[in-house]
file run_12.cif (mmCIF, C-alpha atoms)
data_query
#
loop_
_atom_site.label_atom_id
_atom_site.label_comp_id
_atom_site.auth_asym_id
_atom_site.auth_seq_id
_atom_site.Cartn_x
_atom_site.Cartn_y
_atom_site.Cartn_z
CA MET I 304 -173.00 -141.03 -172.03
CA SER I 305 -176.49 -142.32 -172.59
CA GLU I 306 -178.69 -140.96 -175.34
CA MET I 307 -180.82 -137.95 -174.50
CA ASN I 308 -184.54 -138.55 -174.25
CA ASN I 309 -187.41 -137.09 -172.25
CA GLU I 310 -186.58 -139.11 -169.18
CA ARG I 311 -182.95 -138.04 -169.20
CA PHE I 312 -184.00 -134.45 -169.93
CA GLU I 313 -186.06 -134.52 -166.73
CA ASP I 314 -183.11 -135.97 -164.87
CA LEU I 315 -180.68 -133.28 -165.99
CA LYS I 316 -182.72 -130.11 -166.28
CA ASP I 317 -182.09 -128.93 -162.72
CA ALA I 318 -178.32 -129.27 -163.10
CA TYR I 319 -178.59 -127.55 -166.46
CA VAL I 320 -180.24 -124.40 -165.11
CA LEU I 321 -177.67 -124.29 -162.31
CA ASP I 322 -174.94 -124.48 -164.96
CA ALA I 323 -173.75 -127.68 -163.32
CA LEU I 324 -173.60 -130.05 -166.28
CA PRO I 325 -170.21 -131.15 -167.58
CA GLU I 326 -169.46 -129.70 -171.01
CA GLU I 327 -170.33 -132.75 -173.08
CA GLU I 328 -173.57 -133.40 -171.20
CA ARG I 329 -174.53 -129.73 -171.55
CA ARG I 330 -173.94 -129.83 -175.28
CA ILE I 331 -176.16 -132.89 -175.71
CA PHE I 332 -178.81 -131.36 -173.46
CA GLU I 333 -178.85 -128.19 -175.55
CA GLU I 334 -179.07 -130.15 -178.79
CA PHE I 335 -182.13 -131.93 -177.40
CA LEU I 336 -183.59 -128.60 -176.30
CA ALA I 337 -183.03 -127.12 -179.74
CA ALA I 338 -184.87 -130.06 -181.26
CA HIS I 339 -187.74 -129.67 -178.75
CA PRO I 340 -188.40 -125.92 -178.52
CA GLU I 341 -191.70 -126.63 -176.78
CA ARG I 342 -189.65 -127.39 -173.66
CA GLN I 343 -187.82 -124.05 -173.68
CA ALA I 344 -190.48 -122.28 -171.60
CA GLU I 345 -190.13 -124.93 -168.90
CA ILE I 346 -186.37 -124.39 -168.83
CA ASP I 347 -186.79 -120.61 -168.75
CA GLU I 348 -189.13 -120.93 -165.77
CA LEU I 349 -186.78 -123.26 -163.92
CA GLY I 350 -183.86 -120.99 -164.85
CA ALA I 351 -185.65 -118.06 -163.23
CA VAL I 352 -185.82 -120.04 -159.99
CA ALA I 353 -182.10 -120.84 -160.16
CA GLY I 354 -181.38 -117.23 -161.08
CA LEU I 355 -182.82 -116.08 -157.77
CA LEU I 356 -179.62 -117.29 -156.14
CA ALA I 357 -177.91 -114.32 -157.80
CA PHE I 358 -179.89 -112.00 -155.53
CA SER I 359 -178.83 -113.69 -152.33
CA PRO I 360 -175.22 -112.55 -151.67
CA GLU I 361 -174.52 -109.88 -149.12
CA GLU I 362 -174.61 -106.60 -151.01
CA LEU I 363 -171.26 -104.87 -151.40
CA GLU I 364 -170.30 -101.56 -152.94
CA PRO I 365 -167.82 -101.62 -155.82
CA THR I 366 -165.16 -98.91 -155.81
CA PRO I 367 -165.85 -95.65 -157.69
CA GLU I 368 -162.82 -96.54 -159.85
CA LEU I 369 -164.77 -99.42 -161.37
CA ARG I 370 -167.42 -97.01 -162.64
CA TYR I 371 -164.73 -94.69 -163.92
CA ARG I 372 -162.92 -97.49 -165.78
CA ILE I 373 -166.10 -98.80 -167.38
CA MET I 374 -167.42 -95.38 -168.37
CA GLU I 375 -164.07 -94.45 -169.86
CA VAL I 376 -164.39 -97.35 -172.30
CA VAL I 377 -168.09 -96.71 -172.90
CA GLU I 378 -167.63 -93.00 -173.57
CA ALA I 379 -164.77 -93.73 -175.95
CA GLU I 380 -166.87 -96.21 -177.88
CA ALA I 381 -169.87 -93.89 -177.89
CA ALA I 382 -167.87 -90.87 -179.04
CA PRO I 383 -170.09 -88.79 -181.29
CA ARG I 384 -169.40 -89.23 -184.93
CA HIS I 385 -168.59 -85.57 -185.33
CA GLU I 386 -165.53 -86.11 -183.14
CA ARG I 387 -164.29 -88.68 -185.61
CA ARG I 388 -165.16 -86.38 -188.50
CA ARG I 389 -163.23 -83.57 -186.88
CA SER I 390 -160.13 -85.73 -186.70
CA VAL I 391 -160.47 -86.44 -190.40
CA LEU I 392 -160.58 -82.70 -191.08
CA ALA I 393 -157.61 -82.15 -188.78
CA GLY I 394 -155.71 -84.76 -190.74
CA LEU I 395 -156.52 -82.96 -193.96
CA ALA I 396 -155.30 -79.67 -192.49
CA ASP I 397 -152.00 -81.32 -191.64
CA PHE I 398 -151.85 -82.68 -195.14
CA ILE I 399 -152.33 -79.19 -196.59
CA SER I 400 -149.66 -77.57 -194.45
CA ALA I 401 -147.22 -80.34 -195.24
CA ARG I 402 -147.72 -80.28 -198.96
CA GLY I 403 -147.97 -76.55 -199.34
CA LEU I 404 -150.29 -74.34 -201.18
CA ALA I 405 -149.85 -76.21 -204.43
CA PHE I 406 -152.21 -78.83 -203.14
CA GLY I 407 -154.43 -76.35 -201.26
CA ALA I 408 -157.05 -75.88 -203.90
CA ALA I 409 -157.46 -79.60 -204.42
CA ALA I 410 -157.63 -80.18 -200.70
CA LEU I 411 -160.22 -77.44 -200.24
CA LEU I 412 -162.30 -79.05 -202.92
CA LEU I 413 -162.00 -82.31 -201.07
CA ILE I 414 -163.03 -80.63 -197.82
CA GLY I 415 -166.00 -79.09 -199.60
CA LEU I 416 -167.14 -82.47 -200.82
CA LEU I 417 -166.55 -83.98 -197.42
CA SER I 418 -168.50 -81.20 -195.70
CA TRP I 419 -171.40 -81.75 -198.06
CA ASN I 420 -171.27 -85.41 -197.21
CA LEU I 421 -171.21 -84.57 -193.50
CA LEU I 422 -174.19 -82.25 -193.93
CA LEU I 423 -176.13 -85.12 -195.46
CA GLN I 424 -174.96 -87.36 -192.63
CA ASP I 425 -176.19 -84.81 -190.06
CA GLN I 426 -179.58 -84.80 -191.75
CA VAL I 427 -179.64 -88.58 -191.50
CA ASP I 428 -178.69 -88.32 -187.81
CA ASP I 429 -181.50 -85.82 -187.22
CA LEU I 430 -184.00 -88.15 -188.84
CA GLN I 431 -182.74 -91.04 -186.75
CA GLY I 432 -183.17 -88.85 -183.69
CA GLN I 433 -186.75 -88.07 -184.65
CA VAL I 434 -187.49 -91.74 -185.15
CA ARG I 435 -185.95 -92.49 -181.80
CA ASN I 436 -187.99 -89.77 -180.12
CA ALA I 437 -191.12 -91.12 -181.72
CA GLN I 438 -190.34 -94.56 -180.33
CA ALA I 439 -189.39 -93.25 -176.89
CA PRO I 440 -191.87 -93.53 -174.05
CA GLN I 441 -194.24 -90.55 -173.83
CA THR I 442 -193.68 -88.67 -170.61
CA GLN I 443 -196.08 -86.20 -168.98
CA THR I 444 -195.11 -84.31 -165.88
CA VAL I 445 -196.86 -82.29 -163.18
CA GLN I 446 -194.96 -79.98 -160.83
CA LEU I 447 -195.50 -80.35 -157.08
CA SER I 448 -195.76 -77.35 -154.75
CA GLY I 449 -195.76 -76.91 -150.97
CA THR I 450 -193.47 -76.03 -148.08
CA TRP I 451 -190.56 -78.08 -149.40
CA ALA I 452 -190.88 -76.48 -152.83
CA ASN I 453 -190.81 -73.08 -151.12
CA GLN I 454 -187.56 -74.13 -149.44
CA GLY I 455 -185.94 -74.91 -152.79
CA ALA I 456 -186.96 -78.50 -153.50
CA ASP I 457 -187.90 -79.19 -157.09
CA ALA I 458 -190.33 -82.09 -157.47
CA GLU I 459 -192.63 -83.44 -160.12
CA VAL I 460 -194.71 -86.48 -160.90
CA ALA I 461 -193.98 -88.08 -164.24
CA SER I 462 -196.23 -90.45 -166.11
CA ILE I 463 -194.30 -92.59 -168.57
CA SER I 464 -196.33 -94.08 -171.40
CA GLY I 465 -199.40 -93.55 -169.22
CA ASN I 466 -198.83 -96.58 -167.02
CA ARG I 467 -195.73 -95.94 -164.91
CA ILE I 468 -195.90 -93.09 -162.44
CA VAL I 469 -192.72 -91.84 -160.82
CA LEU I 470 -192.08 -89.02 -158.39
CA VAL I 471 -188.72 -87.36 -159.07
CA ALA I 472 -187.23 -84.57 -157.03
CA ASP I 473 -184.10 -82.52 -156.60
CA ASP I 474 -182.75 -81.03 -153.40
CA LEU I 475 -185.26 -82.43 -150.94
CA PRO I 476 -184.48 -81.51 -147.33
CA SER I 477 -183.20 -84.30 -145.11
CA ILE I 478 -185.56 -85.84 -142.57
CA PRO I 479 -184.83 -87.13 -139.06
CA GLU I 480 -183.73 -90.72 -138.57
CA GLY I 481 -186.68 -93.02 -137.97
CA GLN I 482 -188.90 -91.15 -140.41
CA THR I 483 -189.75 -91.68 -144.04
CA CYS I 484 -191.41 -89.82 -146.87
CA GLN I 485 -194.74 -91.31 -147.88
CA ILE I 486 -196.56 -90.71 -151.13
CA TRP I 487 -200.37 -90.50 -151.12
CA VAL I 488 -202.80 -90.55 -153.99
CA ILE I 489 -205.95 -88.81 -152.80
CA LYS I 490 -209.12 -89.82 -154.62
CA GLY I 491 -211.96 -87.60 -153.46
CA ASP I 492 -211.21 -87.31 -149.74
CA VAL I 493 -209.59 -90.71 -149.39
CA PRO I 494 -205.78 -90.85 -149.25
CA GLU I 495 -204.27 -94.12 -150.45
CA PRO I 496 -200.70 -95.04 -149.37
CA SER I 497 -198.73 -95.04 -152.61
CA GLY I 498 -195.08 -95.60 -151.84
CA LEU I 499 -192.26 -94.75 -149.46
CA PHE I 500 -188.90 -93.17 -150.10
CA GLN I 501 -185.97 -91.64 -148.34
CA PRO I 502 -184.76 -88.30 -149.66
CA GLY I 503 -181.13 -88.90 -150.50
CA GLY I 504 -178.38 -87.11 -152.39
CA THR I 505 -179.31 -84.39 -154.79
CA GLN I 506 -181.81 -86.41 -156.74
CA THR I 507 -184.56 -88.75 -155.59
CA ALA I 508 -186.91 -90.97 -157.55
CA ALA I 509 -189.73 -93.11 -156.21
CA ARG I 510 -192.43 -95.16 -157.88
CA VAL I 511 -196.04 -94.18 -157.23
CA THR I 512 -197.75 -97.49 -156.64
CA THR I 513 -201.38 -96.38 -156.98
CA PRO I 514 -202.77 -95.73 -160.48
CA ILE I 515 -203.78 -92.11 -160.91
CA LYS I 516 -206.37 -90.33 -163.01
CA LYS I 517 -207.28 -86.75 -163.76
CA GLY I 518 -208.72 -85.01 -160.71
CA ASP I 519 -206.72 -87.05 -158.17
CA THR I 520 -204.33 -85.28 -155.84
CA ILE I 521 -200.85 -86.55 -155.14
CA ALA I 522 -199.15 -85.57 -151.90
CA VAL I 523 -196.06 -86.34 -149.84
CA THR I 524 -195.96 -86.36 -146.06
CA VAL I 525 -193.24 -87.23 -143.54
CA GLU I 526 -194.26 -90.31 -141.56
CA PRO I 527 -192.73 -92.70 -139.03
CA ALA I 528 -190.39 -95.30 -140.59
CA GLY I 529 -192.40 -97.99 -142.34
CA GLY I 530 -195.14 -95.55 -143.28
CA SER I 531 -198.64 -94.95 -141.98
CA GLU I 532 -202.10 -96.12 -142.98
CA GLN I 533 -203.35 -92.53 -142.93
CA PRO I 534 -201.34 -89.30 -143.18
CA THR I 535 -200.29 -88.09 -139.73
CA THR I 536 -198.70 -84.80 -140.82
CA ASP I 537 -199.48 -82.04 -143.30
CA PRO I 538 -198.24 -82.53 -146.87
CA VAL I 539 -194.86 -81.06 -147.66
CA LEU I 540 -195.48 -81.44 -151.39
CA SER I 541 -198.68 -81.83 -153.37
CA ALA I 542 -200.29 -81.33 -156.77
CA GLU I 543 -203.71 -81.81 -158.25
CA LEU I 544 -203.56 -83.86 -161.41
CA MET X 1420 -186.50 -78.75 -164.60
CA ALA X 1421 -186.77 -82.01 -166.42
CA ASP X 1422 -183.11 -82.12 -167.36
CA ARG X 1423 -181.62 -84.94 -169.35
CA GLY X 1424 -180.29 -86.84 -166.36
CA ARG X 1425 -183.70 -86.86 -164.77
CA GLN X 1426 -185.32 -88.24 -167.89
CA TYR X 1427 -183.01 -91.23 -167.67
CA LEU X 1428 -183.68 -91.66 -163.98
CA ILE X 1429 -187.39 -92.16 -164.52
CA LEU X 1430 -187.05 -94.60 -167.41
CA ALA X 1431 -187.57 -98.30 -166.83
CA ASP X 1432 -184.66 -100.69 -167.38
CA GLU X 1433 -186.26 -101.98 -170.56
CA ASP X 1434 -186.40 -98.45 -171.96
CA LEU X 1435 -182.81 -97.80 -170.95
CA ILE X 1436 -181.54 -100.96 -172.60
CA SER X 1437 -183.14 -99.86 -175.88
CA LEU X 1438 -181.20 -96.59 -175.62
CA VAL X 1439 -178.01 -98.46 -174.75
CA GLU X 1440 -178.48 -100.47 -177.91
CA ALA X 1441 -178.38 -97.13 -179.73
CA SER X 1442 -175.03 -96.35 -178.03
CA ASP X 1443 -176.47 -93.96 -175.45
CA SER X 1444 -173.77 -93.79 -172.77
CA GLU X 1445 -175.94 -91.87 -170.27
CA ALA X 1446 -178.58 -94.59 -170.40
CA PHE X 1447 -175.83 -97.12 -169.77
CA ALA X 1448 -174.53 -95.11 -166.81
CA THR X 1449 -178.03 -95.12 -165.31
CA LEU X 1450 -178.24 -98.89 -165.69
CA TYR X 1451 -174.80 -99.24 -164.16
CA ASP X 1452 -175.79 -97.15 -161.15
CA ARG X 1453 -178.91 -99.26 -160.63
CA HIS X 1454 -177.32 -102.68 -160.89
CA SER X 1455 -173.60 -102.43 -160.19
CA ARG X 1456 -173.95 -103.31 -156.51
CA ALA X 1457 -175.86 -106.50 -157.22
CA ALA X 1458 -173.50 -107.43 -160.05
CA PHE X 1459 -170.38 -106.78 -158.01
CA SER X 1460 -171.81 -108.61 -155.00
CA LEU X 1461 -172.52 -111.69 -157.10
CA ALA X 1462 -169.06 -111.53 -158.67
CA TYR X 1463 -167.45 -111.26 -155.25
CA ARG X 1464 -169.54 -114.13 -153.91
CA MET X 1465 -168.30 -116.29 -156.77
CA ILE X 1466 -164.66 -115.21 -156.99
CA GLY X 1467 -163.92 -114.25 -153.40
CA ASP X 1468 -161.47 -111.46 -154.27
CA ARG X 1469 -162.39 -107.79 -154.61
CA GLN X 1470 -160.09 -106.92 -157.49
CA ALA X 1471 -160.96 -110.04 -159.47
CA ALA X 1472 -164.64 -109.42 -158.76
CA GLU X 1473 -164.36 -105.88 -160.11
CA ASP X 1474 -162.62 -107.20 -163.22
CA LEU X 1475 -165.45 -109.67 -163.67
CA ALA X 1476 -168.09 -106.98 -163.16
CA GLN X 1477 -166.30 -104.72 -165.65
CA ASP X 1478 -166.17 -107.51 -168.19
CA ALA X 1479 -169.88 -108.18 -167.70
CA PHE X 1480 -170.97 -104.54 -167.94
CA LEU X 1481 -168.96 -104.02 -171.12
CA LYS X 1482 -170.76 -107.03 -172.52
CA VAL X 1483 -174.04 -105.33 -171.59
CA TRP X 1484 -172.86 -102.17 -173.35
CA ARG X 1485 -171.75 -103.96 -176.50
CA GLY X 1486 -174.47 -106.59 -176.56
CA ALA X 1487 -177.61 -104.76 -175.44
CA GLY X 1488 -179.32 -105.88 -178.63
CA SER X 1489 -179.23 -109.47 -177.45
CA TYR X 1490 -181.47 -108.72 -174.45
CA ARG X 1491 -184.90 -110.35 -174.79
CA VAL X 1492 -187.60 -109.05 -172.48
CA GLU X 1493 -189.53 -112.33 -172.64
CA ARG X 1494 -186.60 -114.15 -171.00
CA GLY X 1495 -186.64 -112.02 -167.85
CA SER X 1496 -185.82 -108.62 -166.40
CA VAL X 1497 -182.80 -106.54 -167.34
CA ARG X 1498 -181.43 -107.05 -163.86
CA THR X 1499 -181.70 -110.82 -164.19
CA TRP X 1500 -180.03 -110.61 -167.60
CA ILE X 1501 -177.11 -108.59 -166.24
CA LEU X 1502 -176.68 -110.97 -163.33
CA SER X 1503 -176.79 -113.96 -165.68
CA ILE X 1504 -173.92 -112.42 -167.66
CA VAL X 1505 -171.93 -111.97 -164.45
CA HIS X 1506 -172.74 -115.53 -163.49
CA ASN X 1507 -171.76 -117.05 -166.83
CA ARG X 1508 -168.47 -115.16 -166.89
CA GLY X 1509 -167.83 -116.15 -163.29
CA ILE X 1510 -168.43 -119.81 -164.06
CA ASP X 1511 -165.95 -119.58 -166.94
CA GLN X 1512 -163.32 -118.19 -164.59
CA LEU X 1513 -164.01 -120.66 -161.83
CA ARG X 1514 -163.61 -123.56 -164.19
CA SER X 1515 -160.11 -122.53 -165.08
CA HIS X 1516 -157.57 -124.64 -163.24
CA ALA X 1517 -156.04 -121.90 -161.09
CA SER X 1518 -159.37 -120.57 -159.94
CA ARG X 1519 -160.62 -124.02 -159.15
CA LEU X 1520 -157.78 -124.58 -156.69
CA ARG X 1521 -158.61 -121.29 -155.02
CA THR X 1522 -162.29 -122.15 -154.91
CA GLN X 1523 -161.49 -125.50 -153.36
CA GLU X 1524 -159.71 -123.68 -150.55
CA ARG X 1525 -162.61 -121.30 -150.18
CA VAL X 1526 -165.18 -124.08 -150.04
CA GLU X 1527 -163.24 -125.82 -147.33
CA ALA X 1528 -162.76 -122.62 -145.40
CA SER X 1529 -166.42 -121.73 -145.63
CA ALA X 1530 -167.77 -125.20 -144.86
CA PRO X 1531 -169.12 -124.27 -141.41
CA ARG X 1532 -171.12 -121.48 -143.02
CA SER X 1533 -173.27 -123.92 -144.91
CA GLN X 1534 -176.02 -123.71 -142.31
CA PRO X 1535 -178.62 -121.27 -143.62
CA SER X 1536 -178.93 -119.54 -140.29
CA GLU X 1537 -175.26 -118.61 -140.44
CA ALA X 1538 -174.90 -118.12 -144.16
CA PHE X 1539 -177.70 -115.62 -144.50
CA THR X 1540 -177.46 -113.34 -141.52
CA GLU X 1541 -176.93 -110.13 -143.45
CA THR X 1542 -179.50 -107.43 -143.61
CA TRP X 1543 -181.19 -107.48 -146.99
CA ARG X 1544 -181.77 -104.22 -148.70
CA ASN X 1545 -184.99 -104.68 -150.57
CA SER X 1546 -188.12 -106.74 -150.55
CA GLN X 1547 -187.03 -108.99 -153.40
CA ARG X 1548 -183.85 -109.77 -151.57
CA ASP X 1549 -185.87 -110.39 -148.41
CA GLN X 1550 -188.11 -112.82 -150.24
CA VAL X 1551 -185.21 -114.70 -151.78
CA ARG X 1552 -183.49 -114.93 -148.46
CA GLU X 1553 -186.65 -116.20 -146.84
CA ALA X 1554 -187.04 -118.78 -149.59
CA LEU X 1555 -183.47 -119.99 -149.21
CA ASN X 1556 -183.85 -120.22 -145.47
CA THR X 1557 -186.62 -122.76 -145.97
CA LEU X 1558 -184.15 -125.16 -147.59
CA PRO X 1559 -182.49 -127.91 -145.60
CA ALA X 1560 -178.76 -127.20 -145.25
CA GLU X 1561 -177.76 -130.13 -147.47
CA GLN X 1562 -179.91 -128.87 -150.35
CA LEU X 1563 -178.73 -125.27 -150.00
CA LYS X 1564 -175.10 -126.35 -149.94
CA ILE X 1565 -175.44 -128.23 -153.22
CA LEU X 1566 -177.19 -125.31 -154.89
CA GLU X 1567 -174.44 -122.97 -153.69
CA LEU X 1568 -171.62 -125.25 -154.81
CA ALA X 1569 -173.16 -125.44 -158.25
CA TYR X 1570 -174.28 -121.84 -158.68
CA PHE X 1571 -171.60 -119.86 -156.91
CA SER X 1572 -168.58 -122.13 -157.07
CA GLY X 1573 -169.11 -123.53 -160.53
CA TYR X 1574 -168.94 -127.22 -159.70
CA THR X 1575 -170.67 -129.71 -161.97
CA HIS X 1576 -173.00 -132.24 -160.43
CA VAL X 1577 -170.35 -134.93 -160.95
CA GLU X 1578 -167.74 -132.85 -159.13
CA ILE X 1579 -170.13 -132.13 -156.26
CA SER X 1580 -170.82 -135.81 -155.99
CA GLU X 1581 -167.07 -136.49 -155.64
CA LEU X 1582 -166.46 -133.52 -153.34
CA LEU X 1583 -169.17 -134.51 -150.88
CA SER X 1584 -168.80 -138.28 -151.40
CA LEU X 1585 -172.45 -138.57 -152.34
CA PRO X 1586 -174.05 -140.69 -155.06
CA LEU X 1587 -174.69 -138.63 -158.20
CA GLY X 1588 -178.39 -139.43 -157.93
CA THR X 1589 -178.46 -137.88 -154.47
CA VAL X 1590 -176.86 -134.68 -155.76
CA LYS X 1591 -179.37 -134.44 -158.59
CA GLY X 1592 -182.21 -135.15 -156.20
CA ARG X 1593 -181.14 -132.40 -153.82
CA MET X 1594 -180.82 -129.95 -156.68
CA ARG X 1595 -184.31 -130.81 -157.85
CA LEU X 1596 -185.83 -130.59 -154.37
CA GLY X 1597 -184.00 -127.36 -153.57
CA LEU X 1598 -185.25 -125.59 -156.70
CA LYS X 1599 -188.73 -127.00 -156.24
CA LYS X 1600 -188.85 -125.74 -152.69
CA ILE X 1601 -187.83 -122.22 -153.75
CA ARG X 1602 -190.56 -122.20 -156.41
CA ASN X 1603 -193.12 -123.54 -153.94
CA PHE X 1604 -192.18 -120.76 -151.53
CA PHE X 1605 -193.34 -118.13 -154.00
CA GLU X 1606 -196.34 -120.07 -155.30
CA SER X 1607 -197.62 -120.73 -151.81
CA ARG X 1608 -197.78 -116.96 -151.33
CA GLY X 1609 -199.65 -116.47 -154.54
CA ALA X 1610 -196.59 -114.78 -156.08
CA THR X 1611 -194.72 -115.58 -159.23
CA VAL X 1612 -191.00 -116.21 -159.19
CA PRO X 1613 -189.30 -112.82 -159.79
CA ARG X 1614 -187.67 -112.70 -163.25
#

call {"tool": "encode", "arguments": {"input": "run_12.cif", "output": "structure tokens"}}
result
Amino acid sequence: MSEMNNERFEDLKDAYVLDALPEEERRIFEEFLAAHPERQAEIDELGAVAGLLAFSPEELEPTPELRYRIMEVVEAEAAPRHERRRSVLAGLADFISARGLAFGAAALLLIGLLSWNLLLQDQVDDLQGQVRNAQAPQTQTVQLSGTWANQGADAEVASISGNRIVLVADDLPSIPEGQTCQIWVIKGDVPEPSGLFQPGGTQTAARVTTPIKKGDTIAVTVEPAGGSEQPTTDPVLSAEL
Amino acid sequence: MADRGRQYLILADEDLISLVEASDSEAFATLYDRHSRAAFSLAYRMIGDRQAAEDLAQDAFLKVWRGAGSYRVERGSVRTWILSIVHNRGIDQLRSHASRLRTQERVEASAPRSQPSEAFTETWRNSQRDQVREALNTLPAEQLKILELAYFSGYTHVEISELLSLPLGTVKGRMRLGLKKIRNFFESRGATVPR
């Protein structure tokens, strides 16, 4: 194993980002990298190129059971704290019934203290929630109307933090094969193509690719697959912003 | 109408991962729904067995759930981060002795597929995938094969050199040229490499 230097770093960096260095060589490479943090950006950039290979496999659907198994663990680990508190109280109730009334008063006192503690904890949780809400992206929404809305579709345009615009909708009607929904942002009289989507399932979300400002109109039409340069049908949904 | 599920649906991955860090299971479920296909597909491409690939994907997603705080936006997208977790775990598995024997069999069995025109005939589902496929199709077969053996099958450059009876310098050279060619593909179109 030769000593690591700039020349050897150059020689090994491609294998490193592909995770193709033997263990010992990788360790020495990483020691060199730690000692030369100015080269990290170069490795990150090269790593992004290697990482593209992850996108290349044929896409396959995992079984629904996989989601179920994972969410079972996640939900268990995310169980609200009050569930855990409730089990503590249940344990105390068992304790009382087992020991009889002689210990009841003491246990009730304990429960009282515990409840007070839980009340304080709830207040802390509320504050944490407020902090979280304050940090959360600010979302503004505008409801869309039109023939599809009259048929029961529920659609709105949401602006997240003012710079990401998304159209979200429930219960859109299905469209014939070979057609697509196209979003338009109309500035004055000029419609700009602003994204395509296929209505699917009960809920649909699509990014609006054109920046919008107050006074613009947003509309959805049904167009031939691949979209059109200009709307070829009447809007099925629209809203003035 | 803006129910809670919808609010998650319109959030960006980076917003969702912040919520996951705060133990928000619905945010995690949204991330799972967005990226589970890509993660499972990568796991299957590496392991070659559906059940083992699901186990690998499960392992990776639980790491996402428990380690969301370690995500760093400056190092790439959430999707890339999730796939890198799948990849790292997959490499660990492949380098175990039993898996390596199985991979050896798989490499031999799939040898004729090393031509890009045969290896990438699937329909790609989004523009990023299309671009990556197009980039990989520009590689000579011998460069693509070495990148695949390293990235998907977990071979070190020394092992690839032995497997293909090539000088180590040749293996390194093909790795370098292959990656350079992928980068050039994007730069020549005035695009940055997706991260």

call {"tool": "resolve_selection", "arguments": {"input": "run_12.cif", "expression": "the PyMOL selection byres ((chain I and resi 364) around 6)", "output": "VMD selection string"}}
result
(chain I and resid 363 365) or (chain X and resid 1456)

call {"tool": "write_last_selection", "arguments": {"input": "run_12.cif", "atoms": "C-alpha atoms", "output": "short mmCIF file (atom, residue, chain, number, x, y, z; two decimals), keeping the file's coordinate frame"}}
result
data_model
loop_
_atom_site.label_atom_id
_atom_site.label_comp_id
_atom_site.auth_asym_id
_atom_site.auth_seq_id
_atom_site.Cartn_x
_atom_site.Cartn_y
_atom_site.Cartn_z
CA LEU I 363 -171.26 -104.87 -151.40
CA PRO I 365 -167.82 -101.62 -155.82
CA ARG X 1456 -173.95 -103.31 -156.51
#

call {"tool": "resolve_selection", "arguments": {"input": "run_12.cif", "expression": "the PyMOL selection byres ((chain X and resi 1455) around 10)", "output": "JSON, numbers by chain"}}
result
{"I": [363, 364, 365, 369, 370], "X": [1448, 1449, 1450, 1451, 1452, 1453, 1454, 1456, 1457, 1458, 1459, 1460, 1461, 1473, 1476, 1477, 1480, 1498, 1501, 1502]}

call {"tool": "atom_distance", "arguments": {"input": "run_12.cif", "atom1": "atom CA of I:Ala338", "atom2": "atom CA of I:Asn309"}}
result
11.7 Å

call {"tool": "resolve_selection", "arguments": {"input": "run_12.cif", "expression": "the PyMOL selection byres ((chain I) within 7 of (chain X))", "output": "mmCIF file with C-alpha atoms, in the coordinates of the input"}}
result
data_model
loop_
_atom_site.group_PDB
_atom_site.id
_atom_site.type_symbol
_atom_site.label_atom_id
_atom_site.label_comp_id
_atom_site.auth_asym_id
_atom_site.auth_seq_id
_atom_site.Cartn_x
_atom_site.Cartn_y
_atom_site.Cartn_z
ATOM 1 C CA ASP I 317 -182.090 -128.930 -162.720
ATOM 2 C CA ALA I 318 -178.320 -129.270 -163.100
ATOM 3 C CA LEU I 321 -177.670 -124.290 -162.310
ATOM 4 C CA ASP I 322 -174.940 -124.480 -164.960
ATOM 5 C CA ALA I 323 -173.750 -127.680 -163.320
ATOM 6 C CA LEU I 324 -173.600 -130.050 -166.280
ATOM 7 C CA PRO I 325 -170.210 -131.150 -167.580
ATOM 8 C CA ASP I 347 -186.790 -120.610 -168.750
ATOM 9 C CA ALA I 351 -185.650 -118.060 -163.230
ATOM 10 C CA VAL I 352 -185.820 -120.040 -159.990
ATOM 11 C CA ALA I 353 -182.100 -120.840 -160.160
ATOM 12 C CA LEU I 355 -182.820 -116.080 -157.770
ATOM 13 C CA ALA I 357 -177.910 -114.320 -157.800
ATOM 14 C CA PHE I 358 -179.890 -112.000 -155.530
ATOM 15 C CA SER I 359 -178.830 -113.690 -152.330
ATOM 16 C CA PRO I 360 -175.220 -112.550 -151.670
ATOM 17 C CA GLU I 361 -174.520 -109.880 -149.120
ATOM 18 C CA GLU I 362 -174.610 -106.600 -151.010
ATOM 19 C CA LEU I 363 -171.260 -104.870 -151.400
ATOM 20 C CA GLU I 364 -170.300 -101.560 -152.940
ATOM 21 C CA PRO I 365 -167.820 -101.620 -155.820
ATOM 22 C CA LEU I 369 -164.770 -99.420 -161.370
ATOM 23 C CA ILE I 373 -166.100 -98.800 -167.380
ATOM 24 C CA VAL I 377 -168.090 -96.710 -172.900
ATOM 25 C CA GLU I 378 -167.630 -93.000 -173.570
ATOM 26 C CA ALA I 381 -169.870 -93.890 -177.890
ATOM 27 C CA VAL I 469 -192.720 -91.840 -160.820
#

call {"tool": "residues_around", "arguments": {"input": "run_12.cif", "residues": "stretch 519-534 of chain I", "least_positions_apart": "3", "cutoff": "8 Å", "atoms": "all atoms listed in the file", "output": "list of chain:residue names"}}
result
I:Ile478, I:Gly481, I:Gln482, I:Thr483, I:Cys484, I:Gln485, I:Ile486, I:Trp487, I:Val488, I:Ile489, I:Lys490, I:Gly491, I:Pro494, I:Glu495, I:Pro496, I:Leu499, I:Ile515, I:Lys516, I:Asp537, I:Pro538, I:Val539, I:Leu540, I:Ser541, I:Ala542, I:Glu543, I:Leu544

call {"tool": "atom_distance", "arguments": {"input": "run_12.cif", "atom1": "atom CA of X:Ala1560", "atom2": "atom CA of X:Thr1589"}}
result
14.1 Å

call {"tool": "atom_distance", "arguments": {"input": "run_12.cif", "atom1": "atom CA of I:Asp492", "atom2": "atom CA of I:Thr507"}}
result
27.3 Å
